[in-house]
file upload.txt (compact mmCIF, C-alpha atoms)
# COMPACT_ATOMS: atom_id res chain seq x y z
CA MET A 1 27.33 -0.84 41.39
CA CYS A 2 24.45 -2.03 43.47
CA THR A 3 21.47 -0.81 41.51
CA MET A 4 18.90 -1.59 44.22
CA ILE A 5 16.40 -2.21 41.41
CA ALA A 6 13.95 -4.69 42.91
CA GLU A 7 10.36 -5.65 42.20
CA ASN A 8 8.21 -8.30 43.85
CA ALA A 9 4.73 -9.72 43.83
CA PRO A 10 2.73 -12.46 45.52
CA ILE A 11 2.32 -15.45 43.21
CA THR A 12 1.08 -19.00 43.42
CA GLY A 13 3.10 -21.99 42.34
CA SER A 14 5.67 -24.59 43.26
CA GLY A 15 9.39 -24.72 42.76
CA LYS A 16 12.15 -27.22 43.26
CA GLY A 17 14.88 -25.92 45.51
CA THR A 18 17.89 -27.49 47.18
CA SER A 19 15.72 -29.41 49.61
CA GLY A 20 13.06 -30.54 47.15
CA TRP A 21 9.76 -29.09 46.09
CA ILE A 22 8.36 -26.09 47.94
CA LYS A 23 5.22 -24.03 47.62
CA ILE A 24 6.04 -20.67 46.10
CA ASN A 25 4.09 -17.62 47.23
CA LYS A 26 6.26 -14.69 46.18
CA VAL A 27 8.58 -13.73 43.36
CA ASN A 28 11.43 -11.27 43.77
CA VAL A 29 12.81 -9.81 40.58
CA SER A 30 15.89 -7.62 40.64
CA TYR A 31 18.32 -6.14 38.19
CA ASP A 32 21.48 -6.09 40.24
CA HIS A 33 24.61 -8.07 41.10
CA PRO A 34 24.14 -11.78 40.44
CA THR A 35 25.68 -14.36 42.76
CA HIS A 36 26.85 -16.93 40.26
CA MET A 37 26.96 -15.36 36.81
CA THR A 38 30.17 -13.58 36.01
CA ILE A 39 28.59 -10.37 34.76
CA GLU A 40 28.16 -7.17 36.73
CA HIS A 41 24.39 -7.03 36.55
CA ALA A 42 21.83 -9.69 35.78
CA LEU A 43 18.09 -10.10 35.81
CA ASN A 44 17.68 -12.13 38.98
CA ILE A 45 14.52 -14.02 39.79
CA ASP A 46 13.97 -15.59 43.20
CA PHE A 47 10.85 -17.69 43.69
CA VAL A 48 10.46 -17.84 47.46
CA ASN A 49 8.37 -18.93 50.38
CA GLU A 50 9.47 -16.54 53.10
CA ALA A 51 7.64 -18.40 55.85
CA GLN A 52 9.92 -21.38 55.25
CA GLY A 53 13.12 -19.41 55.73
CA LEU A 54 15.77 -17.78 53.59
CA GLY A 55 16.76 -21.08 51.98
CA ALA A 56 13.28 -21.67 50.57
CA ARG A 57 14.30 -20.12 47.29
CA VAL A 58 14.53 -21.12 43.66
CA ALA A 59 16.98 -18.75 42.05
CA VAL A 60 17.65 -17.87 38.43
CA GLU A 61 20.12 -15.34 37.08
CA LEU A 62 19.77 -14.29 33.44
CA THR A 63 21.41 -11.96 30.98
CA ARG A 64 19.15 -9.15 29.85
CA GLU A 65 18.75 -10.78 26.45
CA SER A 66 17.79 -14.09 28.02
CA ALA A 67 15.32 -12.40 30.35
CA ARG A 68 13.63 -10.71 27.39
CA GLN A 69 13.50 -14.03 25.61
CA LEU A 70 11.94 -15.62 28.68
CA VAL A 71 9.30 -12.89 28.84
CA ASP A 72 8.45 -13.53 25.18
CA LEU A 73 8.32 -17.29 25.69
CA ILE A 74 6.08 -17.00 28.73
CA GLY A 75 3.78 -14.70 26.78
CA ALA A 76 3.69 -17.08 23.83
CA ALA A 77 3.00 -20.13 26.01
CA LEU A 78 0.24 -18.28 27.85
CA GLU A 79 -1.34 -17.25 24.56
CA ARG A 80 -1.42 -20.88 23.46
CA GLY A 81 -2.66 -21.91 26.89
CA ALA A 82 -5.53 -19.46 26.55
CA GLU A 83 -6.60 -21.30 23.40
CA VAL A 84 -6.89 -24.46 25.49
CA ASP A 85 -8.21 -23.18 28.82
CA GLY A 86 -9.76 -19.86 27.91
CA PRO A 87 -8.38 -16.37 28.38
CA GLU A 88 -7.64 -16.64 32.07
CA VAL A 89 -5.34 -19.24 33.55
CA VAL A 90 -6.41 -20.08 37.09
CA ALA A 91 -3.64 -21.18 39.38
CA THR A 92 -4.47 -24.21 41.48
CA GLY A 93 -1.71 -23.79 44.09
CA MET B 1 56.41 -5.32 57.26
CA TYR B 2 56.43 -9.08 57.79
CA THR B 3 59.76 -10.88 57.75
CA THR B 4 60.24 -14.63 57.98
CA ASP B 5 61.89 -14.47 61.40
CA MET B 6 58.75 -12.99 62.98
CA TYR B 7 56.25 -14.94 65.03
CA GLU B 8 52.84 -14.71 63.47
CA GLY B 9 49.43 -15.77 64.72
CA MET B 10 45.90 -14.58 64.88
CA ILE B 11 42.58 -15.46 66.38
CA ALA B 12 39.62 -15.16 64.05
CA GLU B 13 36.15 -15.86 65.30
CA THR B 14 32.51 -14.88 65.18
CA ASN B 15 31.58 -12.51 67.95
CA THR B 16 28.62 -10.32 68.77
CA ILE B 17 28.39 -6.58 69.22
CA GLN B 18 25.58 -4.22 70.06
CA GLY B 19 24.83 -2.52 66.78
CA HIS B 20 22.45 0.16 65.57
CA GLY B 21 19.49 0.67 67.86
CA GLY B 22 21.01 -1.62 70.47
CA ASP B 23 20.44 -4.71 68.32
CA VAL B 24 22.86 -7.56 68.94
CA ILE B 25 24.47 -8.54 65.66
CA ASN B 26 27.19 -10.95 64.61
CA ALA B 27 30.62 -9.70 63.70
CA TYR B 28 33.67 -11.56 62.42
CA VAL B 29 36.74 -10.44 64.33
CA ALA B 30 40.36 -11.25 63.50
CA ARG B 31 43.03 -10.22 65.99
CA PRO B 32 46.79 -10.53 65.63
CA MET B 33 48.21 -12.44 68.59
CA GLY B 34 50.59 -10.26 70.54
CA PRO B 35 50.62 -7.44 73.01
CA GLY B 36 50.04 -4.74 70.41
CA PRO B 37 49.12 -2.00 70.45
CA TYR B 38 47.41 -2.54 67.11
CA PRO B 39 45.37 -0.13 65.04
CA GLY B 40 41.86 -1.29 64.27
CA MET B 41 39.96 -1.73 61.04
CA VAL B 42 36.22 -1.88 60.39
CA LEU B 43 35.18 -3.67 57.21
CA ALA B 44 31.85 -2.92 55.54
CA HIS B 45 30.93 -5.92 53.43
CA HIS B 46 29.57 -5.66 49.91
CA MET B 47 26.11 -6.36 48.57
CA PRO B 48 26.75 -10.11 48.09
CA GLY B 49 26.79 -10.17 51.84
CA TRP B 50 28.82 -11.28 54.81
CA ASP B 51 30.58 -13.84 52.69
CA GLU B 52 33.81 -15.75 52.37
CA TRP B 53 35.59 -12.94 50.54
CA TYR B 54 34.97 -10.64 53.49
CA ARG B 55 36.06 -13.24 56.03
CA GLU B 56 39.28 -13.62 54.09
CA ALA B 57 39.68 -9.85 53.88
CA THR B 58 39.16 -9.61 57.64
CA ARG B 59 42.00 -12.08 58.19
CA LYS B 60 44.12 -10.29 55.58
CA PHE B 61 43.95 -7.04 57.51
CA ALA B 62 44.78 -8.89 60.74
CA HIS B 63 47.79 -10.46 58.98
CA HIS B 64 48.91 -6.91 58.23
CA GLY B 65 48.68 -5.96 61.90
CA TYR B 66 45.17 -4.61 62.33
CA VAL B 67 42.57 -5.76 64.83
CA THR B 68 39.78 -6.12 62.31
CA ILE B 69 36.05 -6.42 62.63
CA CYS B 70 33.49 -7.10 59.94
CA PRO B 71 29.94 -6.78 61.26
CA ASP B 72 27.13 -8.68 59.58
CA LEU B 73 25.19 -5.73 58.20
CA TYR B 74 22.47 -8.15 57.06
CA HIS B 75 22.05 -9.79 60.48
CA ARG B 76 18.50 -8.50 60.96
CA THR B 77 17.38 -10.14 57.71
CA GLY B 78 17.94 -13.57 59.21
CA HIS B 79 20.40 -16.40 58.78
CA GLY B 80 21.15 -18.79 55.99
CA THR B 81 23.84 -19.17 53.38
CA PRO B 82 25.36 -15.77 52.56
CA ASP B 83 23.83 -15.81 49.07
CA ASP B 84 20.34 -16.63 50.39
CA VAL B 85 20.58 -13.80 52.92
CA ALA B 86 21.94 -11.41 50.29
CA ALA B 87 19.15 -12.38 47.88
CA ARG B 88 16.55 -11.39 50.45
CA VAL B 89 18.30 -8.08 51.10
CA ARG B 90 18.57 -7.50 47.35
CA SER B 91 14.85 -8.10 46.94
CA GLU B 92 14.18 -5.51 49.63
CA GLY B 93 16.26 -2.87 47.85
CA GLY B 94 19.17 -3.08 50.27
CA ILE B 95 19.46 -1.99 53.89
CA ALA B 96 18.82 1.44 55.37
CA ASP B 97 21.78 3.80 55.41
CA ASP B 98 21.27 4.85 59.03
CA GLN B 99 21.26 1.21 60.13
CA ALA B 100 24.54 0.51 58.31
CA VAL B 101 26.12 3.64 59.75
CA GLY B 102 24.99 2.66 63.24
CA ASP B 103 26.41 -0.84 62.93
CA LEU B 104 29.75 0.42 61.58
CA ALA B 105 30.00 3.02 64.34
CA ALA B 106 29.37 0.31 66.92
CA ALA B 107 32.05 -1.87 65.31
CA MET B 108 34.48 1.05 65.46
CA ASP B 109 33.77 1.56 69.17
CA TYR B 110 34.23 -2.17 69.75
CA VAL B 111 37.72 -2.44 68.21
CA ARG B 112 38.83 0.77 69.87
CA SER B 113 37.74 -0.60 73.26
CA LEU B 114 39.90 -3.74 73.00
CA PRO B 115 42.86 -3.83 75.40
CA ASN B 116 45.50 -4.07 72.66
CA SER B 117 44.04 -1.25 70.56
CA SER B 118 46.30 1.63 69.61
CA GLY B 119 43.28 3.90 69.57
CA LYS B 120 43.45 4.45 65.81
CA VAL B 121 40.66 2.94 63.70
CA GLY B 122 40.22 2.86 59.95
CA GLY B 123 37.45 1.70 57.66
CA PHE B 124 37.36 -0.26 54.41
CA GLY B 125 34.54 -1.24 52.13
CA THR B 126 33.86 -2.33 48.58
CA CYS B 127 30.79 -1.80 46.42
CA SER B 128 27.89 -0.90 48.75
CA GLY B 129 30.40 -1.28 51.60
CA GLY B 130 32.54 1.49 50.12
CA ARG B 131 29.50 3.71 50.11
CA HIS B 132 28.55 2.68 53.66
CA VAL B 133 32.01 3.29 55.09
CA LEU B 134 32.08 6.71 53.45
CA LEU B 135 28.68 7.48 54.95
CA ALA B 136 29.84 6.32 58.38
CA ALA B 137 32.98 8.46 58.32
CA SER B 138 30.89 11.43 57.19
CA GLN B 139 28.25 11.09 59.88
CA VAL B 140 30.15 9.70 62.86
CA GLU B 141 33.30 11.01 64.52
CA GLY B 142 36.06 8.55 65.25
CA PHE B 143 37.43 7.09 62.04
CA ASP B 144 41.05 8.04 61.37
CA ALA B 145 41.13 6.98 57.71
CA ILE B 146 38.86 5.12 55.31
CA VAL B 147 39.24 3.25 52.05
CA ASP B 148 36.32 3.46 49.63
CA CYS B 149 36.64 0.88 46.88
CA TRP B 150 34.33 1.75 43.99
CA GLY B 151 31.40 2.67 46.19
CA GLY B 152 28.53 3.49 43.84
CA ARG B 153 25.60 5.79 44.44
CA VAL B 154 27.71 8.40 46.22
CA VAL B 155 26.38 10.86 43.69
CA MET B 156 22.62 10.30 43.49
CA PRO B 157 19.97 12.18 41.56
CA GLU B 158 17.07 13.26 43.74
CA SER B 159 14.80 10.84 41.88
CA SER B 160 16.77 7.86 43.21
CA LEU B 161 16.55 8.86 46.88
CA THR B 162 14.39 6.53 48.96
CA PRO B 163 13.37 6.26 52.61
CA LYS B 164 16.29 3.85 53.08
CA THR B 165 18.74 6.11 51.27
CA PRO B 166 17.30 9.57 51.92
CA VAL B 167 20.48 11.59 51.38
CA ALA B 168 23.20 11.16 48.77
CA PRO B 169 26.53 10.46 50.51
CA ILE B 170 28.16 13.32 48.61
CA ASP B 171 25.86 15.71 50.46
CA TYR B 172 27.51 14.68 53.73
CA THR B 173 31.00 15.62 52.49
CA ALA B 174 31.25 18.61 54.83
CA GLY B 175 31.07 16.20 57.77
CA LEU B 176 33.75 13.80 56.54
CA SER B 177 36.06 13.51 59.52
CA CYS B 178 39.12 11.70 58.14
CA PRO B 179 41.27 11.21 55.04
CA VAL B 180 39.81 8.97 52.36
CA LEU B 181 41.48 6.71 49.83
CA GLY B 182 39.31 6.00 46.81
CA LEU B 183 40.04 3.21 44.35
CA PHE B 184 38.04 3.14 41.16
CA GLY B 185 37.96 1.49 37.75
CA GLU B 186 37.82 3.47 34.55
CA GLU B 187 35.35 1.00 33.06
CA ASP B 188 32.95 1.09 36.00
CA SER B 189 29.49 2.45 35.28
CA SER B 190 28.75 3.29 38.91
CA PRO B 191 30.66 5.08 40.04
CA SER B 192 31.46 6.27 36.54
CA PRO B 193 34.65 8.32 36.07
CA GLU B 194 32.37 11.36 35.75
CA GLN B 195 30.72 10.65 39.11
CA VAL B 196 34.12 10.12 40.73
CA ALA B 197 35.18 13.51 39.37
CA ILE B 198 32.07 15.12 40.91
CA HIS B 199 32.89 13.47 44.25
CA GLU B 200 36.50 14.61 44.02
CA GLU B 201 35.37 18.16 43.34
CA ALA B 202 33.19 18.08 46.46
CA LEU B 203 36.12 16.83 48.57
CA LYS B 204 38.29 19.65 47.19
CA ARG B 205 35.59 22.24 47.79
CA HIS B 206 35.28 21.19 51.42
CA GLY B 207 39.04 21.02 51.94
CA LYS B 208 39.09 17.32 52.71
CA GLU B 209 42.21 15.16 52.57
CA TYR B 210 41.82 12.47 49.94
CA GLU B 211 43.72 10.28 47.52
CA PHE B 212 41.84 8.95 44.47
CA HIS B 213 43.17 6.43 41.98
CA MET B 214 41.39 5.62 38.75
CA TYR B 215 42.62 2.34 37.25
CA PRO B 216 42.57 1.86 33.50
CA GLU B 217 41.10 -1.35 32.09
CA ALA B 218 39.34 -2.08 35.38
CA GLY B 219 35.64 -2.25 36.05
CA HIS B 220 33.50 -2.68 39.14
CA GLY B 221 34.89 -5.09 41.72
CA PHE B 222 38.37 -5.52 40.31
CA PHE B 223 39.71 -6.91 43.64
CA TYR B 224 37.39 -9.94 43.48
CA TYR B 225 39.66 -12.83 42.51
CA ASP B 226 36.64 -15.16 42.29
CA ARG B 227 34.86 -13.08 39.66
CA ALA B 228 35.50 -12.45 36.00
CA VAL B 229 35.99 -8.77 36.84
CA TYR B 230 39.26 -9.51 38.66
CA CYS B 231 42.19 -7.45 37.38
CA GLN B 232 45.41 -8.85 38.79
CA GLU B 233 47.75 -5.92 38.21
CA GLN B 234 45.26 -3.29 39.36
CA ALA B 235 44.22 -5.34 42.40
CA VAL B 236 47.78 -5.89 43.59
CA ASP B 237 48.50 -2.20 43.22
CA GLY B 238 45.23 -1.34 44.95
CA TRP B 239 46.08 -3.49 47.97
CA ASP B 240 49.55 -1.90 48.09
CA LYS B 241 48.01 1.55 48.05
CA THR B 242 45.49 0.52 50.71
CA PHE B 243 48.12 -0.65 53.17
CA ALA B 244 50.43 2.30 52.43
CA PHE B 245 47.57 4.69 53.10
CA LEU B 246 46.63 2.93 56.34
CA ARG B 247 50.26 2.83 57.53
CA LYS B 248 50.44 6.58 56.95
CA HIS B 249 47.26 7.45 58.80
CA LEU B 250 46.90 4.75 61.46
CA ALA B 251 50.53 4.26 62.51
call {"tool": "encode", "arguments": {"input": "upload.txt", "output": "structure tokens"}}
result
Amino acid sequence: MCTMIAENAPITGSGKGTSGWIKINKVNVSYDHPTHMTIEHALNIDFVNEAQGLGARVAVELTRESARQLVDLIGAALERGAEVDGPEVVATG
Amino acid sequence: MYTTDMYEGMIAETNTIQGHGGDVINAYVARPMGPGPYPGMVLAHHMPGWDEWYREATRKFAHHGYVTICPDLYHRTGHGTPDDVAARVRSEGGIADDQAVGDLAAAMDYVRSLPNSSGKVGGFGTCSGGRHVLLAASQVEGFDAIVDCWGGRVVMPESSLTPKTPVAPIDYTAGLSCPVLGLFGEEDSSPSPEQVAIHEEALKRHGKEYEFHMYPEAGHGFFYYDRAVYCQEQAVDGWDKTFAFLRKHLA
């Protein structure tokens, strides 16, 4: 099915897409049909810069287990980063 | 039925039609070459977008003698590779039902207006396209038969209704204006066999003509030869049932 489960938020960062590095200003997260993975539903993450067109996208499709693992890893890395830079990580864009 | 002594040819090309709200949108059109008259088919593409599978399907229907149109239901989102366009639509929670219905109705009018049209027009869709073609045939007069392949979210709890999908398709059943063929997989989670049974009950209650087939050992998208979900035996039978159903109702 198409779940239509989609979340998004403005973010700050850079990503490497098909045409090289791009500034990222939004992340789209969905739990729905993936394009490349051969499972019915995946946790799909698209880092995008909408002003640069539909192709300005860095895409990742993950199994649910992998997505959970990624969440844990991000949390762990941020915890360790807080020990270095203090409790709040400031994005530099 | 095709035999080897028959001439065969088709023209397949991108065209434009005036869709919902008067917007000009792209549509892929495949026409058998010949005087006709030919019945028409409107294809509602799936969530992965206006992609290669749907272009092939458009030509497949033309090969079987149908003037076939597949409008780009994601046209308003912009242009790029089909997966980039579909990713944007996915991030926006899909397209609005009334927009899809409007585009499919316009596509139906377009094929019916062609000089070699027989006047009969059917619809076909898979995944979200199955749902959209069912919605179109329930809200717009003019379809003579439709094929809903595993369209999910026909039965929707009130909590899942949104401004884009304000009414569950099953609640439009009274307005369904043509026979429907439904092809489903027993291992699909949406529509689940239980949801298909609820839909079937609604069709019965409203006295609608329908033909439902529930395939064992098949999940969502079992026609898609390029996906792991492909089920050869069920897909071949499903295509046979599709063309038999269309011959019966669009001849």
call {"tool": "interface_residues", "arguments": {"input": "upload.txt", "of": "chain B", "to": "chain A", "cutoff": "6 Å", "atoms": "all atoms listed in the file", "output": "list in words"}}
result
Gly80, Asp84, Ser91, Gly93, Gly152, Ser190, Arg227 and Ala228 of chain B
call {"tool": "write_last_selection", "arguments": {"input": "upload.txt", "atoms": "C-alpha atoms", "output": "PDB file, in the frame of the given file"}}
result
ATOM      1  CA  GLY B  80      21.150 -18.790  55.990  1.00  0.00           C
ATOM      2  CA  ASP B  84      20.340 -16.630  50.390  1.00  0.00           C
ATOM      3  CA  SER B  91      14.850  -8.100  46.940  1.00  0.00           C
ATOM      4  CA  GLY B  93      16.260  -2.870  47.850  1.00  0.00           C
ATOM      5  CA  GLY B 152      28.530   3.490  43.840  1.00  0.00           C
ATOM      6  CA  SER B 190      28.750   3.290  38.910  1.00  0.00           C
ATOM      7  CA  ARG B 227      34.860 -13.080  39.660  1.00  0.00           C
ATOM      8  CA  ALA B 228      35.500 -12.450  36.000  1.00  0.00           C
TER       9      ALA B 228
END
call {"tool": "residues_around", "arguments": {"input": "upload.txt", "residues": "Glu65 of chain A", "least_positions_apart": "4", "cutoff": "10 Å", "atoms": "all atoms listed in the file", "output": "list in words"}}
result
Ala42, Leu43, Gln69, Leu70 and Val71 of chain A
call {"tool": "residues_around", "arguments": {"input": "upload.txt", "residues": "His249 of chain B", "least_positions_apart": "4", "cutoff": "7 Å", "atoms": "only C-alpha atoms", "output": "CSV table (one decimal) with C-alpha atoms, in the frame of the given file"}}
result
chain,number,residue,atom,x,y,z
B,144,ASP,CA,41.0,8.0,61.4
B,145,ALA,CA,41.1,7.0,57.7
B,245,PHE,CA,47.6,4.7,53.1
call {"tool": "atom_distance", "arguments": {"input": "upload.txt", "atom1": "atom CA of Gly15 of chain A", "atom2": "atom CA of Phe47 of chain A"}}
result
7.2 Å
call {"tool": "atom_distance", "arguments": {"input": "upload.txt", "atom1": "atom CA of Val121 of chain B", "atom2": "atom CA of Ile25 of chain B"}}
result
19.9 Å
call {"tool": "residues_near_point", "arguments": {"input": "upload.txt", "point": "(36.2, 9.4, 58.0)", "cutoff": "7 Å", "atoms": "only C-alpha atoms", "output": "count of residues only"}}
result
12
call {"tool": "residues_around", "arguments": {"input": "upload.txt", "residues": "Glu217 of chain B", "least_positions_apart": "6", "cutoff": "10 Å", "atoms": "all atoms listed in the file", "output": "ChimeraX atom specification"}}
result
/B:185-188,231,234
call {"tool": "closest_residue", "arguments": {"input": "upload.txt", "among": "B:Trp150, B:Phe61, B:Phe184, B:Tyr215", "to": "Val29 of chain B", "atoms": "all atoms listed in the file"}}
result
B:Phe61
call {"tool": "atom_distance", "arguments": {"input": "upload.txt", "atom1": "atom CA of Tyr28 of chain B", "atom2": "atom CA of Thr16 of chain B"}}
result
8.2 Å
call {"tool": "decode", "arguments": {"input": "upload.txt", "residues": "segment 35-67 of chain A", "atoms": "N, CA and C atoms", "output": "mmCIF file, in the first residue's frame"}}
result
data_model
loop_
_atom_site.group_PDB
_atom_site.id
_atom_site.type_symbol
_atom_site.label_atom_id
_atom_site.label_comp_id
_atom_site.auth_asym_id
_atom_site.auth_seq_id
_atom_site.Cartn_x
_atom_site.Cartn_y
_atom_site.Cartn_z
ATOM 1 N N THR A 35 12.105 3.222 -3.622
ATOM 2 C CA THR A 35 12.320 3.152 -5.069
ATOM 3 C C THR A 35 13.247 1.998 -5.430
ATOM 4 N N HIS A 36 14.270 1.811 -4.647
ATOM 5 C CA HIS A 36 15.306 0.851 -5.026
ATOM 6 C C HIS A 36 15.278 -0.431 -4.211
ATOM 7 N N MET A 37 15.028 -0.333 -2.930
ATOM 8 C CA MET A 37 14.999 -1.544 -2.103
ATOM 9 C C MET A 37 13.851 -2.437 -2.537
ATOM 10 N N THR A 38 14.050 -3.732 -2.380
ATOM 11 C CA THR A 38 13.016 -4.655 -2.847
ATOM 12 C C THR A 38 12.120 -5.118 -1.698
ATOM 13 N N ILE A 39 11.754 -4.186 -0.836
ATOM 14 C CA ILE A 39 10.778 -4.477 0.209
ATOM 15 C C ILE A 39 9.592 -3.538 0.004
ATOM 16 N N GLU A 40 8.451 -3.915 0.583
ATOM 17 C CA GLU A 40 7.245 -3.133 0.314
ATOM 18 C C GLU A 40 7.326 -1.735 0.916
ATOM 19 N N HIS A 41 7.788 -1.649 2.132
ATOM 20 C CA HIS A 41 7.894 -0.365 2.810
ATOM 21 C C HIS A 41 9.288 -0.194 3.389
ATOM 22 N N ALA A 42 9.783 1.017 3.330
ATOM 23 C CA ALA A 42 11.088 1.307 3.903
ATOM 24 C C ALA A 42 11.020 2.661 4.592
ATOM 25 N N LEU A 43 12.015 2.899 5.435
ATOM 26 C CA LEU A 43 12.165 4.227 6.017
ATOM 27 C C LEU A 43 13.017 5.015 5.022
ATOM 28 N N ASN A 44 12.376 5.961 4.363
ATOM 29 C CA ASN A 44 13.044 6.709 3.300
ATOM 30 C C ASN A 44 13.419 8.099 3.802
ATOM 31 N N ILE A 45 14.659 8.458 3.573
ATOM 32 C CA ILE A 45 15.119 9.795 3.959
ATOM 33 C C ILE A 45 15.611 10.507 2.714
ATOM 34 N N ASP A 46 15.066 11.668 2.456
ATOM 35 C CA ASP A 46 15.520 12.506 1.343
ATOM 36 C C ASP A 46 16.026 13.824 1.919
ATOM 37 N N PHE A 47 17.316 14.071 1.768
ATOM 38 C CA PHE A 47 17.886 15.366 2.117
ATOM 39 C C PHE A 47 17.802 16.221 0.853
ATOM 40 N N VAL A 48 17.112 17.343 0.930
ATOM 41 C CA VAL A 48 16.825 18.083 -0.308
ATOM 42 C C VAL A 48 17.140 19.568 -0.182
ATOM 43 N N ASN A 49 17.221 20.172 -1.358
ATOM 44 C CA ASN A 49 17.243 21.624 -1.469
ATOM 45 C C ASN A 49 16.233 21.956 -2.566
ATOM 46 N N GLU A 50 15.008 22.232 -2.156
ATOM 47 C CA GLU A 50 13.916 22.342 -3.125
ATOM 48 C C GLU A 50 14.128 23.475 -4.117
ATOM 49 N N ALA A 51 14.829 24.511 -3.696
ATOM 50 C CA ALA A 51 15.051 25.636 -4.605
ATOM 51 C C ALA A 51 15.919 25.234 -5.797
ATOM 52 N N GLN A 52 16.679 24.164 -5.634
ATOM 53 C CA GLN A 52 17.566 23.725 -6.723
ATOM 54 C C GLN A 52 16.947 22.642 -7.602
ATOM 55 N N GLY A 53 15.662 22.385 -7.406
ATOM 56 C CA GLY A 53 14.983 21.431 -8.274
ATOM 57 C C GLY A 53 14.828 20.061 -7.648
ATOM 58 N N LEU A 54 14.040 19.230 -8.344
ATOM 59 C CA LEU A 54 13.699 17.915 -7.797
ATOM 60 C C LEU A 54 14.908 16.981 -7.721
ATOM 61 N N GLY A 55 15.931 17.258 -8.538
ATOM 62 C CA GLY A 55 17.097 16.381 -8.539
ATOM 63 C C GLY A 55 18.092 16.707 -7.442
ATOM 64 N N ALA A 56 17.874 17.823 -6.752
ATOM 65 C CA ALA A 56 18.774 18.191 -5.650
ATOM 66 C C ALA A 56 18.364 17.398 -4.420
ATOM 67 N N ARG A 57 18.776 16.149 -4.405
ATOM 68 C CA ARG A 57 18.263 15.204 -3.414
ATOM 69 C C ARG A 57 19.324 14.162 -3.118
ATOM 70 N N VAL A 58 19.515 13.902 -1.841
ATOM 71 C CA VAL A 58 20.359 12.787 -1.417
ATOM 72 C C VAL A 58 19.431 11.798 -0.730
ATOM 73 N N ALA A 59 19.290 10.644 -1.338
ATOM 74 C CA ALA A 59 18.254 9.704 -0.901
ATOM 75 C C ALA A 59 18.852 8.486 -0.216
ATOM 76 N N VAL A 60 18.162 8.044 0.818
ATOM 77 C CA VAL A 60 18.539 6.822 1.524
ATOM 78 C C VAL A 60 17.264 6.035 1.800
ATOM 79 N N GLU A 61 17.321 4.746 1.582
ATOM 80 C CA GLU A 61 16.190 3.872 1.912
ATOM 81 C C GLU A 61 16.693 2.800 2.869
ATOM 82 N N LEU A 62 16.028 2.645 3.995
ATOM 83 C CA LEU A 62 16.516 1.736 5.038
ATOM 84 C C LEU A 62 15.418 0.796 5.510
ATOM 85 N N THR A 63 15.827 -0.390 5.934
ATOM 86 C CA THR A 63 14.882 -1.261 6.627
ATOM 87 C C THR A 63 14.563 -0.608 7.975
ATOM 88 N N ARG A 64 13.474 -1.041 8.558
ATOM 89 C CA ARG A 64 13.105 -0.458 9.863
ATOM 90 C C ARG A 64 14.207 -0.675 10.898
ATOM 91 N N GLU A 65 14.779 -1.892 10.868
ATOM 92 C CA GLU A 65 15.826 -2.196 11.841
ATOM 93 C C GLU A 65 17.036 -1.281 11.634
ATOM 94 N N SER A 66 17.384 -1.072 10.371
ATOM 95 C CA SER A 66 18.533 -0.209 10.085
ATOM 96 C C SER A 66 18.247 1.229 10.481
ATOM 97 N N ALA A 67 17.017 1.659 10.276
ATOM 98 C CA ALA A 67 16.654 3.036 10.629
ATOM 99 C C ALA A 67 16.766 3.243 12.137
#
